[in-house]
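Okay, start_26.pdb now, which holds PDB, C-alpha atoms:
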ATOM      1  CA  MET I   1     -13.570 -52.567   3.758
ATOM      2  CA  THR I   2     -15.485 -55.346   2.018
ATOM      3  CA  ALA I   3     -16.492 -54.505  -1.551
ATOM      4  CA  PHE I   4     -20.104 -55.004  -2.563
ATOM      5  CA  ASP I   5     -20.205 -58.343  -4.388
ATOM      6  CA  VAL I   6     -23.693 -58.739  -5.899
ATOM      7  CA  THR I   7     -23.995 -58.015  -9.630
ATOM      8  CA  LEU I   8     -26.903 -57.404 -11.987
ATOM      9  CA  SER I   9     -26.329 -60.854 -13.502
ATOM     10  CA  ASP I  10     -26.667 -62.399 -10.003
ATOM     11  CA  ILE I  11     -30.011 -60.630  -9.598
ATOM     12  CA  GLU I  12     -31.222 -61.651 -13.070
ATOM     13  CA  ALA I  13     -30.257 -65.268 -12.331
ATOM     14  CA  ALA I  14     -32.194 -65.024  -9.053
ATOM     15  CA  ARG I  15     -35.246 -63.752 -10.945
ATOM     16  CA  ASP I  16     -35.204 -66.873 -13.143
ATOM     17  CA  ARG I  17     -34.599 -69.140 -10.140
ATOM     18  CA  VAL I  18     -37.492 -67.872  -8.002
ATOM     19  CA  ALA I  19     -39.972 -67.438 -10.866
ATOM     20  CA  GLY I  20     -43.153 -69.329 -10.024
ATOM     21  CA  ARG I  21     -42.109 -69.640  -6.354
ATOM     22  CA  ILE I  22     -42.895 -66.060  -5.309
ATOM     23  CA  ARG I  23     -45.673 -63.633  -6.146
ATOM     24  CA  ARG I  24     -44.931 -60.913  -8.693
ATOM     25  CA  THR I  25     -46.437 -58.123  -6.640
ATOM     26  CA  PRO I  26     -48.284 -55.236  -8.313
ATOM     27  CA  ALA I  27     -46.889 -51.731  -8.776
ATOM     28  CA  PHE I  28     -49.056 -48.805  -9.838
ATOM     29  CA  GLU I  29     -49.347 -45.045  -9.702
ATOM     30  CA  SER I  30     -51.436 -43.802  -6.791
ATOM     31  CA  THR I  31     -53.517 -40.682  -7.399
ATOM     32  CA  GLU I  32     -53.955 -40.140  -3.637
ATOM     33  CA  VAL I  33     -50.254 -40.442  -2.749
ATOM     34  CA  SER I  34     -49.303 -38.375  -5.820
ATOM     35  CA  ALA I  35     -51.673 -35.626  -4.663
ATOM     36  CA  ARG I  36     -50.280 -35.768  -1.139
ATOM     37  CA  LEU I  37     -46.625 -35.582  -2.228
ATOM     38  CA  GLY I  38     -47.204 -33.176  -5.107
ATOM     39  CA  ARG I  39     -45.271 -35.498  -7.447
ATOM     40  CA  ARG I  40     -46.268 -38.526  -9.527
ATOM     41  CA  THR I  41     -45.855 -41.477  -7.161
ATOM     42  CA  ALA I  42     -45.959 -45.236  -7.713
ATOM     43  CA  LEU I  43     -46.305 -47.880  -5.008
ATOM     44  CA  LYS I  44     -44.666 -51.319  -5.104
ATOM     45  CA  MET I  45     -47.134 -53.433  -3.112
ATOM     46  CA  GLU I  46     -44.684 -55.953  -1.657
ATOM     47  CA  ALA I  47     -46.865 -56.138   1.470
ATOM     48  CA  LEU I  48     -48.946 -58.548  -0.662
ATOM     49  CA  GLN I  49     -45.985 -60.957  -1.049
ATOM     50  CA  LEU I  50     -46.227 -64.582   0.123
ATOM     51  CA  ALA I  51     -45.539 -64.859   3.873
ATOM     52  CA  GLY I  52     -46.181 -61.127   4.184
ATOM     53  CA  SER I  53     -42.877 -59.590   3.059
ATOM     54  CA  PHE I  54     -40.052 -59.401   0.520
ATOM     55  CA  LYS I  55     -38.043 -61.940   2.545
ATOM     56  CA  VAL I  56     -39.234 -65.009   0.597
ATOM     57  CA  ARG I  57     -37.428 -63.646  -2.468
ATOM     58  CA  GLY I  58     -34.040 -63.947  -0.788
ATOM     59  CA  VAL I  59     -34.713 -67.163   1.119
ATOM     60  CA  PHE I  60     -36.031 -69.034  -1.926
ATOM     61  CA  ASN I  61     -33.045 -67.870  -3.981
ATOM     62  CA  LYS I  62     -30.599 -68.939  -1.270
ATOM     63  CA  VAL I  63     -32.143 -72.368  -0.720
ATOM     64  CA  LEU I  64     -32.506 -73.064  -4.452
ATOM     65  CA  THR I  65     -28.758 -72.445  -4.927
ATOM     66  CA  LEU I  66     -27.939 -75.201  -2.393
ATOM     67  CA  SER I  67     -27.115 -78.800  -3.292
ATOM     68  CA  GLU I  68     -29.463 -81.623  -2.237
ATOM     69  CA  GLU I  69     -26.864 -82.638   0.339
ATOM     70  CA  GLU I  70     -26.742 -79.130   1.843
ATOM     71  CA  ARG I  71     -30.523 -78.867   2.008
ATOM     72  CA  GLY I  72     -30.676 -82.287   3.628
ATOM     73  CA  ARG I  73     -28.546 -81.085   6.554
ATOM     74  CA  GLY I  74     -31.336 -78.754   7.647
ATOM     75  CA  LEU I  75     -31.350 -74.974   7.994
ATOM     76  CA  VAL I  76     -30.821 -72.739  11.004
ATOM     77  CA  THR I  77     -31.368 -68.993  11.234
ATOM     78  CA  VAL I  78     -31.789 -66.141  13.704
ATOM     79  CA  SER I  79     -34.822 -63.861  13.391
ATOM     80  CA  GLY I  80     -37.810 -62.626  15.323
ATOM     81  CA  GLY I  81     -39.461 -61.141  12.275
ATOM     82  CA  ASN I  82     -40.080 -61.465   8.560
ATOM     83  CA  HIS I  83     -36.983 -63.550   7.817
ATOM     84  CA  ALA I  84     -38.187 -66.177  10.323
ATOM     85  CA  ILE I  85     -41.634 -66.263   8.729
ATOM     86  CA  ALA I  86     -40.104 -66.532   5.236
ATOM     87  CA  VAL I  87     -37.767 -69.382   6.268
ATOM     88  CA  GLY I  88     -40.825 -71.189   7.664
ATOM     89  CA  ARG I  89     -42.704 -70.682   4.402
ATOM     90  CA  VAL I  90     -39.813 -71.829   2.193
ATOM     91  CA  ALA I  91     -39.057 -74.842   4.427
ATOM     92  CA  GLY I  92     -42.720 -75.856   4.399
ATOM     93  CA  THR I  93     -42.964 -75.453   0.614
ATOM     94  CA  LEU I  94     -39.799 -77.427  -0.151
ATOM     95  CA  GLY I  95     -40.124 -79.998   2.668
ATOM     96  CA  LEU I  96     -36.966 -78.929   4.537
ATOM     97  CA  ASP I  97     -36.079 -79.131   8.219
ATOM     98  CA  ALA I  98     -35.628 -75.564   9.480
ATOM     99  CA  LEU I  99     -34.888 -74.267  12.964
ATOM    100  CA  VAL I 100     -35.422 -70.592  13.806
ATOM    101  CA  LEU I 101     -33.763 -69.127  16.897
ATOM    102  CA  MET I 102     -35.813 -66.219  18.232
ATOM    103  CA  PRO I 103     -35.349 -63.735  21.088
ATOM    104  CA  LYS I 104     -37.911 -64.251  23.863
ATOM    105  CA  VAL I 105     -39.388 -60.806  23.208
ATOM    106  CA  THR I 106     -40.577 -61.899  19.744
ATOM    107  CA  PRO I 107     -44.324 -61.182  19.308
ATOM    108  CA  ARG I 108     -46.513 -64.287  19.547
ATOM    109  CA  PHE I 109     -47.990 -63.388  16.141
ATOM    110  CA  ASN I 110     -44.569 -63.913  14.483
ATOM    111  CA  ILE I 111     -43.864 -67.152  16.374
ATOM    112  CA  GLU I 112     -47.223 -68.603  15.345
ATOM    113  CA  LEU I 113     -46.782 -67.661  11.678
ATOM    114  CA  THR I 114     -43.281 -69.164  11.575
ATOM    115  CA  THR I 115     -44.412 -72.501  13.029
ATOM    116  CA  LYS I 116     -47.630 -72.554  10.982
ATOM    117  CA  TYR I 117     -45.638 -72.276   7.759
ATOM    118  CA  GLY I 118     -43.248 -75.080   8.646
ATOM    119  CA  ALA I 119     -40.241 -74.182  10.813
ATOM    120  CA  ARG I 120     -39.431 -75.136  14.405
ATOM    121  CA  VAL I 121     -38.788 -72.315  16.852
ATOM    122  CA  GLU I 122     -36.356 -72.189  19.765
ATOM    123  CA  LEU I 123     -36.559 -69.132  22.043
ATOM    124  CA  CYS I 124     -33.348 -67.501  23.343
ATOM    125  CA  ASP I 125     -32.773 -64.769  25.924
ATOM    126  CA  ASP I 126     -31.715 -62.242  23.275
ATOM    127  CA  ALA I 127     -30.336 -61.882  19.750
ATOM    128  CA  SER I 128     -26.709 -62.343  20.801
ATOM    129  CA  GLU I 129     -27.525 -65.681  22.471
ATOM    130  CA  ALA I 130     -29.460 -66.664  19.338
ATOM    131  CA  PHE I 131     -26.477 -65.913  17.067
ATOM    132  CA  ALA I 132     -24.162 -67.871  19.403
ATOM    133  CA  LYS I 133     -26.518 -70.882  19.346
ATOM    134  CA  ALA I 134     -26.796 -70.644  15.564
ATOM    135  CA  GLU I 135     -23.026 -71.007  15.380
ATOM    136  CA  GLU I 136     -23.229 -74.153  17.548
ATOM    137  CA  TYR I 137     -25.888 -75.663  15.276
ATOM    138  CA  GLN I 138     -23.793 -74.724  12.244
ATOM    139  CA  ASN I 139     -20.781 -76.503  13.755
ATOM    140  CA  ARG I 140     -22.975 -79.591  14.131
ATOM    141  CA  GLY I 141     -23.817 -79.527  10.421
ATOM    142  CA  ARG I 142     -26.854 -77.315   9.883
ATOM    143  CA  LEU I 143     -26.665 -74.682   7.174
ATOM    144  CA  PHE I 144     -26.899 -71.124   8.539
ATOM    145  CA  VAL I 145     -29.114 -68.800   6.463
ATOM    146  CA  HIS I 146     -28.125 -65.273   7.461
ATOM    147  CA  PRO I 147     -31.072 -62.861   7.615
ATOM    148  CA  TYR I 148     -29.356 -60.250   5.430
ATOM    149  CA  ASP I 149     -25.574 -60.659   4.976
ATOM    150  CA  ASP I 150     -25.515 -63.190   2.151
ATOM    151  CA  PRO I 151     -25.025 -62.522  -1.583
ATOM    152  CA  ALA I 152     -27.745 -65.044  -2.568
ATOM    153  CA  ILE I 153     -30.247 -63.460  -0.148
ATOM    154  CA  ILE I 154     -29.390 -59.966  -1.437
ATOM    155  CA  ALA I 155     -29.664 -61.054  -5.096
ATOM    156  CA  GLY I 156     -33.103 -62.535  -4.383
ATOM    157  CA  HIS I 157     -34.256 -59.250  -2.860
ATOM    158  CA  GLY I 158     -32.934 -57.411  -5.911
ATOM    159  CA  THR I 159     -35.608 -59.085  -8.061
ATOM    160  CA  LEU I 160     -38.055 -56.538  -6.627
ATOM    161  CA  GLY I 161     -36.038 -53.704  -8.168
ATOM    162  CA  LEU I 162     -36.210 -55.339 -11.613
ATOM    163  CA  GLU I 163     -39.995 -55.753 -11.321
ATOM    164  CA  PHE I 164     -40.530 -52.169 -10.175
ATOM    165  CA  LEU I 165     -38.645 -50.749 -13.181
ATOM    166  CA  ASP I 166     -40.416 -53.124 -15.582
ATOM    167  CA  ASP I 167     -43.786 -51.821 -14.370
ATOM    168  CA  ILE I 168     -42.875 -48.144 -13.833
ATOM    169  CA  PRO I 169     -40.026 -47.486 -16.295
ATOM    170  CA  ASP I 170     -39.836 -43.720 -15.679
ATOM    171  CA  LEU I 171     -39.052 -43.891 -11.947
ATOM    172  CA  THR I 172     -36.592 -41.185 -10.900
ATOM    173  CA  HIS I 173     -36.478 -41.418  -7.067
ATOM    174  CA  VAL I 174     -37.098 -44.553  -4.968
ATOM    175  CA  PHE I 175     -37.491 -44.841  -1.188
ATOM    176  CA  VAL I 176     -36.649 -48.173   0.467
ATOM    177  CA  SER I 177     -36.458 -49.015   4.170
ATOM    178  CA  ILE I 178     -33.357 -50.431   5.877
ATOM    179  CA  GLY I 179     -33.074 -53.064   8.612
ATOM    180  CA  GLY I 180     -29.712 -54.818   8.375
ATOM    181  CA  GLY I 181     -29.416 -53.538   4.819
ATOM    182  CA  GLY I 182     -29.813 -56.716   2.745
ATOM    183  CA  PHE I 183     -33.089 -55.585   1.163
ATOM    184  CA  MET I 184     -31.854 -52.083   0.393
ATOM    185  CA  SER I 185     -28.618 -53.542  -1.037
ATOM    186  CA  GLY I 186     -30.405 -55.831  -3.488
ATOM    187  CA  VAL I 187     -33.113 -53.385  -4.582
ATOM    188  CA  ALA I 188     -30.769 -50.408  -4.926
ATOM    189  CA  SER I 189     -28.189 -52.499  -6.778
ATOM    190  CA  ALA I 190     -30.792 -53.597  -9.342
ATOM    191  CA  LEU I 191     -32.253 -50.100  -9.761
ATOM    192  CA  LYS I 192     -28.864 -48.389 -10.186
ATOM    193  CA  ALA I 193     -27.532 -51.070 -12.548
ATOM    194  CA  LYS I 194     -30.549 -50.659 -14.844
ATOM    195  CA  ARG I 195     -30.897 -46.897 -14.393
ATOM    196  CA  PRO I 196     -27.702 -45.209 -13.134
ATOM    197  CA  SER I 197     -29.392 -41.774 -13.033
ATOM    198  CA  LEU I 198     -32.078 -42.976 -10.596
ATOM    199  CA  THR I 199     -31.777 -41.667  -7.016
ATOM    200  CA  VAL I 200     -32.280 -44.074  -4.101
ATOM    201  CA  TYR I 201     -33.076 -42.955  -0.543
ATOM    202  CA  GLY I 202     -32.747 -45.282   2.417
ATOM    203  CA  VAL I 203     -35.237 -44.898   5.263
ATOM    204  CA  GLU I 204     -34.750 -45.769   8.932
ATOM    205  CA  THR I 205     -36.811 -45.059  12.044
ATOM    206  CA  THR I 206     -35.332 -43.423  15.140
ATOM    207  CA  GLY I 207     -34.399 -46.261  17.474
ATOM    208  CA  ALA I 208     -33.512 -48.547  14.552
ATOM    209  CA  GLN I 209     -30.864 -46.429  12.797
ATOM    210  CA  THR I 210     -28.430 -49.285  12.250
ATOM    211  CA  MET I 211     -27.067 -48.033   8.921
ATOM    212  CA  THR I 212     -27.020 -44.374   9.952
ATOM    213  CA  GLU I 213     -24.708 -45.276  12.849
ATOM    214  CA  ALA I 214     -22.558 -47.528  10.657
ATOM    215  CA  LEU I 215     -22.067 -44.730   8.122
ATOM    216  CA  LYS I 216     -21.140 -42.284  10.910
ATOM    217  CA  ALA I 217     -18.540 -44.691  12.328
ATOM    218  CA  ASP I 218     -17.507 -46.023   8.888
ATOM    219  CA  ARG I 219     -17.904 -49.557  10.244
ATOM    220  CA  PRO I 220     -20.712 -51.806  11.547
ATOM    221  CA  VAL I 221     -21.888 -50.689  14.996
ATOM    222  CA  THR I 222     -24.099 -52.751  17.322
ATOM    223  CA  ILE I 223     -27.274 -50.932  18.435
ATOM    224  CA  ARG I 224     -30.081 -51.814  20.844
ATOM    225  CA  PRO I 225     -33.216 -51.283  18.758
ATOM    226  CA  THR I 226     -36.075 -49.386  20.458
ATOM    227  CA  SER I 227     -38.275 -48.448  17.479
ATOM    228  CA  ILE I 228     -41.742 -49.948  17.126
ATOM    229  CA  ALA I 229     -40.703 -50.744  13.551
ATOM    230  CA  ARG I 230     -39.513 -54.103  14.857
ATOM    231  CA  THR I 231     -38.575 -55.520  11.469
ATOM    232  CA  LEU I 232     -36.072 -52.670  11.012
ATOM    233  CA  GLY I 233     -34.439 -53.526  14.344
ATOM    234  CA  ALA I 234     -31.365 -55.380  13.113
ATOM    235  CA  PRO I 235     -28.633 -55.220  15.769
ATOM    236  CA  PHE I 236     -25.957 -54.265  13.232
ATOM    237  CA  ALA I 237     -25.278 -53.599   9.571
ATOM    238  CA  THR I 238     -22.428 -55.547   7.970
ATOM    239  CA  HIS I 239     -19.396 -54.585   5.884
ATOM    240  CA  ARG I 240     -21.230 -55.814   2.761
ATOM    241  CA  THR I 241     -24.441 -53.836   3.362
ATOM    242  CA  LEU I 242     -22.487 -50.770   4.487
ATOM    243  CA  ALA I 243     -20.547 -50.899   1.205
ATOM    244  CA  ALA I 244     -23.880 -50.987  -0.681
ATOM    245  CA  ALA I 245     -25.219 -47.988   1.261
ATOM    246  CA  LYS I 246     -22.120 -45.978   0.320
ATOM    247  CA  LEU I 247     -22.340 -47.020  -3.328
ATOM    248  CA  PHE I 248     -26.041 -46.631  -4.001
ATOM    249  CA  LEU I 249     -27.789 -44.268  -1.566
ATOM    250  CA  LYS I 250     -28.060 -40.502  -1.896
ATOM    251  CA  GLU I 251     -28.858 -40.304   1.829
ATOM    252  CA  ILE I 252     -30.706 -42.018   4.664
ATOM    253  CA  VAL I 253     -33.852 -40.266   5.856
ATOM    254  CA  LEU I 254     -34.511 -40.824   9.562
ATOM    255  CA  VAL I 255     -38.181 -40.637  10.635
ATOM    256  CA  GLU I 256     -39.934 -40.892  13.995
ATOM    257  CA  ASP I 257     -42.241 -43.771  14.967
ATOM    258  CA  GLU I 258     -45.291 -41.556  15.527
ATOM    259  CA  PRO I 259     -45.747 -40.209  11.962
ATOM    260  CA  ALA I 260     -44.924 -43.656  10.542
ATOM    261  CA  ILE I 261     -47.853 -45.111  12.536
ATOM    262  CA  ALA I 262     -50.107 -42.300  11.304
ATOM    263  CA  ASP I 263     -49.040 -43.109   7.735
ATOM    264  CA  LEU I 264     -49.673 -46.828   8.313
ATOM    265  CA  SER I 265     -53.307 -45.918   9.146
ATOM    266  CA  TRP I 266     -53.495 -43.501   6.197
ATOM    267  CA  ILE I 267     -52.251 -46.149   3.721
ATOM    268  CA  LEU I 268     -54.715 -48.696   5.112
ATOM    269  CA  GLN I 269     -57.600 -46.273   4.698
ATOM    270  CA  THR I 270     -56.505 -44.794   1.362
ATOM    271  CA  GLU I 271     -54.921 -47.720  -0.511
ATOM    272  CA  LYS I 272     -56.684 -50.568   1.388
ATOM    273  CA  LEU I 273     -53.282 -52.086   2.159
ATOM    274  CA  LEU I 274     -52.123 -53.106   5.623
ATOM    275  CA  CYS I 275     -48.422 -52.279   6.074
ATOM    276  CA  GLU I 276     -45.908 -52.628   8.853
ATOM    277  CA  PRO I 277     -44.375 -49.449  10.291
ATOM    278  CA  ALA I 278     -41.203 -50.596   8.481
ATOM    279  CA  ALA I 279     -43.094 -50.129   5.196
ATOM    280  CA  ALA I 280     -45.207 -47.066   5.987
ATOM    281  CA  CYS I 281     -42.100 -45.090   7.012
ATOM    282  CA  VAL I 282     -41.103 -44.672   3.343
ATOM    283  CA  LEU I 283     -44.172 -42.461   2.823
ATOM    284  CA  THR I 284     -43.210 -40.433   5.904
ATOM    285  CA  ALA I 285     -39.716 -39.967   4.462
ATOM    286  CA  ALA I 286     -40.936 -39.108   0.959
ATOM    287  CA  GLN I 287     -43.258 -36.450   2.394
ATOM    288  CA  ARG I 288     -40.178 -34.663   3.750
ATOM    289  CA  ILE I 289     -38.055 -34.947   0.576
ATOM    290  CA  ALA I 290     -40.662 -34.574  -2.222
ATOM    291  CA  PRO I 291     -41.004 -30.759  -2.135
ATOM    292  CA  SER I 292     -37.291 -30.415  -2.964
ATOM    293  CA  LEU I 293     -37.485 -32.738  -6.003
ATOM    294  CA  PRO I 294     -38.044 -31.547  -9.597
ATOM    295  CA  GLU I 295     -41.734 -31.252 -10.469
ATOM    296  CA  ASP I 296     -41.484 -33.905 -13.187
ATOM    297  CA  SER I 297     -40.017 -36.494 -10.764
ATOM    298  CA  VAL I 298     -41.593 -39.938 -10.518
ATOM    299  CA  ILE I 299     -41.308 -41.213  -6.956
ATOM    300  CA  GLY I 300     -41.362 -44.926  -6.123
ATOM    301  CA  LEU I 301     -42.297 -46.152  -2.634
ATOM    302  CA  VAL I 302     -41.491 -49.764  -1.740
ATOM    303  CA  LEU I 303     -44.106 -50.982   0.770
ATOM    304  CA  CYS I 304     -42.092 -53.961   1.928
ATOM    305  CA  GLY I 305     -44.184 -55.976   4.397
ATOM    306  CA  SER I 306     -47.461 -56.571   6.216
ATOM    307  CA  ASN I 307     -46.660 -58.877   9.145
ATOM    308  CA  VAL I 308     -48.374 -56.882  11.840
ATOM    309  CA  SER I 309     -51.342 -57.865  14.004
ATOM    310  CA  LEU I 310     -54.445 -55.699  14.254
ATOM    311  CA  ASP I 311     -53.919 -55.710  18.029
ATOM    312  CA  ASP I 312     -50.559 -53.998  17.456
ATOM    313  CA  VAL I 313     -52.119 -51.396  15.162
ATOM    314  CA  ASP I 314     -54.881 -50.759  17.718
ATOM    315  CA  ALA I 315     -52.370 -50.378  20.571
ATOM    316  CA  TRP I 316     -50.169 -47.986  18.556
ATOM    317  CA  ARG I 317     -53.136 -45.815  17.601
ATOM    318  CA  ARG I 318     -54.333 -45.632  21.210
ATOM    319  CA  GLN I 319     -50.827 -44.697  22.299
ATOM    320  CA  ASP I 320     -50.723 -42.012  19.612
ATOM    321  CA  ALA I 321     -54.123 -40.630  20.671
ATOM    322  CA  ALA I 322     -53.048 -40.520  24.319
ATOM    323  CA  SER I 323     -49.801 -38.644  23.645
TER     324      SER I 323
END
Is it possible to give me this structure as structure tokens?
Amino acid sequence: MTAFDVTLSDIEAARDRVAGRIRRTPAFESTEVSARLGRRTALKMEALQLAGSFKVRGVFNKVLTLSEEERGRGLVTVSGGNHAIAVGRVAGTLGLDALVLMPKVTPRFNIELTTKYGARVELCDDASEAFAKAEEYQNRGRLFVHPYDDPAIIAGHGTLGLEFLDDIPDLTHVFVSIGGGGFMSGVASALKAKRPSLTVYGVETTGAQTMTEALKADRPVTIRPTSIARTLGAPFATHRTLAAAKLFLKEIVLVEDEPAIADLSWILQTEKLLCEPAAACVLTAAQRIAPSLPEDSVIGLVLCGSNVSLDDVDAWRRQDAAS
């Protein structure tokens, strides 16, 4: 079993490296969410991050650790979601050549954002073909930027945990969503290093329970994602992110798509923030756990991304109304 290899000093170095490149997103206590959960609750508004998600934290950190020669070779990655959009944004900002391999089922919205920001897109039949092609491009000299299994990417994501504790120092319980596990690994690592007594819950949606299955099998397991929370639909966790889940998480809360969509609408109406299902699901999970927590708990919800089209939201709500 691979040990988890990202330290607090890695995350602090990443914070210095990406300063001025990313947005320091706001965190504040929400009276409405606190009333709903019956516990003081703070929101980390990462949905307001550049390129619409936390992913620019990791990608900027990764690229800024590379030599000029490495950057000059061009980047290649595999993603149909927020990582693709972030690689486009970072490549456009730094003037790099970046190629993103995407499954053909990728929503047009994501393809357009990725190319608008500055990456080229090549469509593949599915994720496994995309990963195989990425290996070919890597063999020809391009630098592969893994969407989540990379210490520099994870350390970049961990900067969010440092910010959240700076702004809300008395956090006791934090909920963070899991795709392949890179985001959870970085954030939980930072939170637990600074505050060992803090409790971290992972959140997955049914149909995207990559880490839940990996923990059951005690090894990475390939799944076929079916959840509408597309950005949680990583095909597998990795030994590194599985090690982090074992080290840092109290448990993983599994929620259904339907209540996550309802909470997406509720957050939009209540907090005036558009979230992806992958972000709104942390509220759904906290609703289940909060009654069992001590009354003086301070809950933190990480609202991790906003790359969703209004057409998607409309379609999901219609579907919900019809069912």
Return as a tab-separated table the residues of region 264-311 of chain I lying at most 8 Å from region 165-182 of chain I, together with the closest atom-to-atom pair for each and the distance in Å to one decimal, counting all atoms listed in the file, with rows in chain order and ascending residue number.
residue	atom	partner	partner_atom	distance
I:Ala278	CA	I:Ser177	CA	6.6
I:Ala279	CA	I:Ser177	CA	6.8
I:Cys281	CA	I:Ser177	CA	7.4
I:Val282	CA	I:Phe175	CA	5.8
I:Ala285	CA	I:Phe175	CA	7.8
I:Ala286	CA	I:Phe175	CA	7.0
I:Ser297	CA	I:Thr172	CA	5.8
I:Val298	CA	I:Leu171	CA	4.9
I:Ile299	CA	I:His173	CA	4.8
I:Gly300	CA	I:Val174	CA	4.4
I:Leu301	CA	I:Phe175	CA	5.2
I:Val302	CA	I:Val176	CA	5.6
I:Leu303	CA	I:Val176	CA	8.0
I:Cys304	CA	I:Ser177	CA	7.8
Between I:Phe164, I:Leu143, I:Ala234, I:Asp150, which has the minimum distance to Ala27 (chain I) (counting only C-alpha atoms)? I:Phe164
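Residues with any atom within 8 Å of region 110-112 of chain I, counting all atoms listed in the file and excluding same-chain neighbours fewer than 2 positions away, are Gly80, Gly81, Asn82, Ala84, Ile85, Thr106, Pro107, Arg108, Thr114, Thr115, Lys116, Val121 and Asn307 of chain I.
The space separating CA of Gly74 (chain I) from CA of Glu129 (chain I) comes to 20.1 Å.
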As JSON, numbers by chain, please: the residues near region 316-319 of chain I (cut-off 12 Å, all atoms listed in the file, same-chain neighbours under 5 positions excluded). {"I": [227, 228, 229, 257, 258, 259, 260, 261, 262, 263, 264, 265, 266, 276, 277, 308, 309, 310, 311]}
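For the choices I:Arg73, I:His83, I:Arg40, I:Lys192, the atom-to-atom distance to Arg140 (chain I) is smallest for I:Arg73 when using all atoms listed in the file.
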Determine the residue membership of the PyMOL selection byres ((chain I and resi 247) around 10) for the file above and supply it as number ranges by chain. I: 3-4, 185, 188-189, 192, 241-246, 248-250
Go ahead and save the picked residues with C-alpha atoms, as a compact mmCIF listing (two decimals), keeping the file's coordinate frame.
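New file part.txt:
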# COMPACT_ATOMS: atom_id res chain seq x y z
CA ALA I 3 -16.49 -54.50 -1.55
CA PHE I 4 -20.10 -55.00 -2.56
CA SER I 185 -28.62 -53.54 -1.04
CA ALA I 188 -30.77 -50.41 -4.93
CA SER I 189 -28.19 -52.50 -6.78
CA LYS I 192 -28.86 -48.39 -10.19
CA THR I 241 -24.44 -53.84 3.36
CA LEU I 242 -22.49 -50.77 4.49
CA ALA I 243 -20.55 -50.90 1.20
CA ALA I 244 -23.88 -50.99 -0.68
CA ALA I 245 -25.22 -47.99 1.26
CA LYS I 246 -22.12 -45.98 0.32
CA PHE I 248 -26.04 -46.63 -4.00
CA LEU I 249 -27.79 -44.27 -1.57
CA LYS I 250 -28.06 -40.50 -1.90
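For the pair CA of Asn61 (chain I) and CA of Arg21 (chain I), the interatomic distance is 9.5 Å.
The spacing separating CA of Val76 (chain I) from CA of Thr231 (chain I) amounts to 18.9 Å.
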Close residues, region 89-102 of chain I itself excluded, 6 Å, only C-alpha atoms, min 4 positions apart in chain, as a ChimeraX atom specification: /I:74-80,117-124,130
Neighbour list for Gly38 (chain I) as a list in words, cut-off 12 Å, only C-alpha atoms, skip fewer than 3 positions in-chain: Ser30, Thr31, Glu32, Val33, Ser34, Ala35, Thr41, Ala286, Gln287, Arg288, Ile289, Ala290, Pro291, Ser292, Leu293, Pro294, Glu295, Asp296, Ser297, Val298 and Ile299 of chain I
Proximity to Gly233 (chain I) - best of I:Val63, I:Ala127, I:Leu268, I:Ala19, all atoms listed in the file: I:Ala127
Any chance you could resolve the PyMOL selection byres ((chain I and resi 159-162) around 8) against this file and give the residues as a PDB file with C-alpha atoms, in the coordinates of the input?
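Final output, result.pdb:
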ATOM      1  CA  ILE I  11     -30.011 -60.630  -9.598  1.00  0.00           C
ATOM      2  CA  GLU I  12     -31.222 -61.651 -13.070  1.00  0.00           C
ATOM      3  CA  ALA I  14     -32.194 -65.024  -9.053  1.00  0.00           C
ATOM      4  CA  ARG I  15     -35.246 -63.752 -10.945  1.00  0.00           C
ATOM      5  CA  PHE I  54     -40.052 -59.401   0.520  1.00  0.00           C
ATOM      6  CA  ARG I  57     -37.428 -63.646  -2.468  1.00  0.00           C
ATOM      7  CA  ALA I 155     -29.664 -61.054  -5.096  1.00  0.00           C
ATOM      8  CA  GLY I 156     -33.103 -62.535  -4.383  1.00  0.00           C
ATOM      9  CA  HIS I 157     -34.256 -59.250  -2.860  1.00  0.00           C
ATOM     10  CA  GLY I 158     -32.934 -57.411  -5.911  1.00  0.00           C
ATOM     11  CA  GLU I 163     -39.995 -55.753 -11.321  1.00  0.00           C
ATOM     12  CA  PHE I 164     -40.530 -52.169 -10.175  1.00  0.00           C
ATOM     13  CA  LEU I 165     -38.645 -50.749 -13.181  1.00  0.00           C
ATOM     14  CA  ASP I 166     -40.416 -53.124 -15.582  1.00  0.00           C
ATOM     15  CA  GLY I 186     -30.405 -55.831  -3.488  1.00  0.00           C
ATOM     16  CA  VAL I 187     -33.113 -53.385  -4.582  1.00  0.00           C
ATOM     17  CA  ALA I 188     -30.769 -50.408  -4.926  1.00  0.00           C
ATOM     18  CA  ALA I 190     -30.792 -53.597  -9.342  1.00  0.00           C
ATOM     19  CA  LEU I 191     -32.253 -50.100  -9.761  1.00  0.00           C
TER      20      LEU I 191
END
Box centre and edge lengths (Å, one decimal), axis-aligned, region 151-162 of chain I plus 6 Å each side, as AutoDock Vina command-line options:
--center_x -31.5 --center_y -59.4 --center_z -5.9 --size_x 25.0 --size_y 23.3 --size_z 23.5
